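A quick write-up on the structure given underneath.
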Amino acid sequence: MPASSTRREYLSSLAAASLAGAASLGVTSAAQAADGPVAKHGRIKQSLVNWCYAPHFPNFDEYCQTAVKLGCQSIELCGPENWPTLKKHGLTCAIAGSHGFKVGYSNPDEWAQCDKTLTERIDQCVEFGVKSVITFTGMANGRSKEEGKKNCIEGLKTITAYAEKKGVTLCLEMLNTRDDSHPMKGHPGYQGDDMDWCIDICRTIGSSHLKMLFDIYHVQIMHGDVIRRIHQSKEFLGHIHTAGNPGRGELDTRQEIYYPAVMQALLDVGYQGYVGQEFIPTRDAWEGLREAVALCDV
């Protein structure tokens, strides 16, 4: 998910509390890693979601070196000002940020704001070669699911047509509304908290340039049955995000999702897009990323 006021506040507080120590841990550990990338097979194209790890690797050039060392091909949801540095290191931005999850197409009063942001971002993507941009339903604010869906379908038609004309894919993200423990772990009040509801919007609009951002963490919380849903949703999979559940932490033995099987399901349905690592580090950032990337390298 792209930066929002909540996210900026979270990152600022994190930086104030532990930036120097976390940065030292991450960069030093990366420098001491064994030769060769962590990801060996490359059948799953992996990406780092910028907001999670940037506080731990504050020098963007060194952050790019870390991504390369991991065998990742992208650092996503970073601003266009970072894209030339990505290119210097042979990396791309798998998906660009946009208007933030608090506003979106379920509210007609926010359509103009979203269209303006997305149009600008799509044009920047064309210039750099970024293929996808994230978008959101926004908050329900008392609207029913029926009304929210109708608004999203009507509101997304025009910007989807523009994205299709430019060869860029919009990825609509479903978010969980159950977790209220932390501003980055759940989003109470978000309209698009149901995978089938969101897919129906994509299906109704009927463009190959409007797909889903299938966030495994959020889907697990709201629905479970992740592997079956991957098979059922295969034609709408535009981008994938990871995180451990519960807690949105590392992909380790303390969480309930078995990521090798989920990654194999993506291969089985012929998914060729990116998988973005989007967990919140609770320990050394490099070690957590090394484990996650290896686990998803099926």
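Letters for chains follow the order of the structure tokens (A, B, ...), residue numbers begin at 1 for each chain, and ligand numbers begin at 1 in the order shown.
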
Could you give me the residues within segment 35-274 of chain A that DSSP places in strand (DSSP E), as JSON, numbers by chain? {"A": [45, 46, 47, 48, 49, 74, 75, 76, 132, 133, 134, 135, 169, 170, 171, 172, 173, 210, 211, 212, 213, 214, 215, 237, 238, 239, 240, 241, 242, 274]}

Restricted to C-alpha atoms, what would the selected residues look like written as a JSON list (two decimals), in the first residue's frame?
[["chain", "number", "residue", "atom", "x", "y", "z"],
["A", 45, "LYS", "CA", 9.73, -12.75, -9.12],
["A", 46, "GLN", "CA", 10.18, -11.14, -5.71],
["A", 47, "SER", "CA", 9.98, -7.49, -4.69],
["A", 48, "LEU", "CA", 10.48, -5.48, -1.50],
["A", 49, "VAL", "CA", 7.65, -3.18, -0.42],
["A", 74, "SER", "CA", 12.15, -4.76, -7.53],
["A", 75, "ILE", "CA", 11.60, -2.26, -4.75],
["A", 76, "GLU", "CA", 7.96, -1.25, -5.06],
["A", 132, "SER", "CA", 1.27, -1.44, -12.48],
["A", 133, "VAL", "CA", -0.28, 1.14, -10.15],
["A", 134, "ILE", "CA", -2.17, 0.45, -6.93],
["A", 135, "THR", "CA", -5.68, 1.77, -6.26],
["A", 169, "THR", "CA", -2.52, -2.08, -15.09],
["A", 170, "LEU", "CA", -4.46, -0.81, -12.09],
["A", 171, "CYS", "CA", -4.42, -3.18, -9.12],
["A", 172, "LEU", "CA", -7.31, -2.82, -6.67],
["A", 173, "GLU", "CA", -6.32, -3.92, -3.17],
["A", 210, "LEU", "CA", -7.92, -3.73, -13.95],
["A", 211, "LYS", "CA", -6.87, -6.58, -11.68],
["A", 212, "MET", "CA", -6.57, -7.40, -7.99],
["A", 213, "LEU", "CA", -3.74, -6.85, -5.59],
["A", 214, "PHE", "CA", -4.09, -10.18, -3.77],
["A", 215, "ASP", "CA", -2.57, -9.56, -0.36],
["A", 237, "LEU", "CA", -4.28, -11.69, -10.10],
["A", 238, "GLY", "CA", -2.36, -8.51, -10.85],
["A", 239, "HIS", "CA", 0.04, -8.38, -7.91],
["A", 240, "ILE", "CA", 0.74, -10.32, -4.70],
["A", 241, "HIS", "CA", 1.76, -9.23, -1.20],
["A", 242, "THR", "CA", 2.99, -11.35, 1.72],
["A", 274, "TYR", "CA", 5.60, -10.03, -8.79]]

All helix (DSSP H, G or I) positions in segment 57-110 of chain A, as a PyMOL selection string: chain A and resi 60-70+80-88+108-110

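When atom CA of Ala292 of chain A is paired with atom CA of Phe279 of chain A, their separation reads 9.3 Å.
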
With a distance cut-off of 12 Å and only C-alpha atoms, select the neighbouring residues of segment 111-113 of chain A, excluding the residue or stretch itself and same-chain residues fewer than 4 positions from it, and output the selection as a list in words. Ser98, His99, Gly100, Lys102, Val103, Gly104, Tyr105, Ser106, Asn107, Thr117, Leu118, Thr119, Glu120, Thr135, Phe136, Thr137, Gly138, Asn151, Cys152, Ile153, Glu154, Gly155, Leu156, Lys157, Thr158 and Ile159 of chain A

From the list A:Lys131, A:His223, A:Met195, A:Thr282, which residue is nearest His209 of chain A when using only C-alpha atoms? A:Lys131

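Across the model, the gap from atom CA of His231 of chain A to atom CA of Ala294 of chain A is 23.2 Å.
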
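Every protein or nucleic acid residue with an atom no more than 9 Å from Lys40 of chain A, counting only C-alpha atoms and leaving out same-chain residues fewer than 5 positions away, appears here: Gly71, Ala294, Asp297 and Val298 of chain A.
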
To one decimal in Å, tell me the separation between atom CA of Trp286 of chain A and atom CA of Ala261 of chain A. 23.2 Å

Which is closest to Glu110 of chain A among A:Met139, A:Lys185, A:Lys150, A:Tyr217, if we use only C-alpha atoms?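 Ranked by minimum distance to Glu110 of chain A, first place goes to A:Met139.
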
Taking 3 positions as the minimum chain separation for residues in the same chain, which residues sit within 10 Å of Val269 of chain A when counting only C-alpha atoms? Answer as a PyMOL selection string. chain A and resi 230-235+237+264-266+272

As a PyMOL selection string, please: the residues near Asn176 of chain A (cut-off 7 Å, only C-alpha atoms, same-chain neighbours under 6 positions excluded). chain A and resi 186-187+193+218+221-222

Create the file for the chosen residues now, containing C-alpha atoms and written as a PDB file, in the first residue's frame.
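This went into out.pdb:
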ATOM      1  CA  GLY A 186      -5.761  -3.686   9.720  1.00  0.00           C
ATOM      2  CA  HIS A 187      -8.046  -1.012   8.322  1.00  0.00           C
ATOM      3  CA  ASP A 193     -12.701  -5.942   2.610  1.00  0.00           C
ATOM      4  CA  HIS A 218      -5.368  -9.656   4.310  1.00  0.00           C
ATOM      5  CA  ILE A 221      -7.627 -12.712   7.896  1.00  0.00           C
ATOM      6  CA  MET A 222     -10.901 -12.056   6.092  1.00  0.00           C
TER       7      MET A 222
END

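You can rank A:Arg228, A:Cys78, A:Glu287, A:Gly276 by their closest distance to Glu250 of chain A using only C-alpha atoms, and at the top of that list sits A:Glu287.
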
I need the residue nearest Glu291 of chain A from this list: A:Leu251, A:Gly148, A:Gln277, A:Val262. Use only C-alpha atoms for the distance.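 Checking each candidate against Glu291 of chain A, we get A:Leu251 as the closest.
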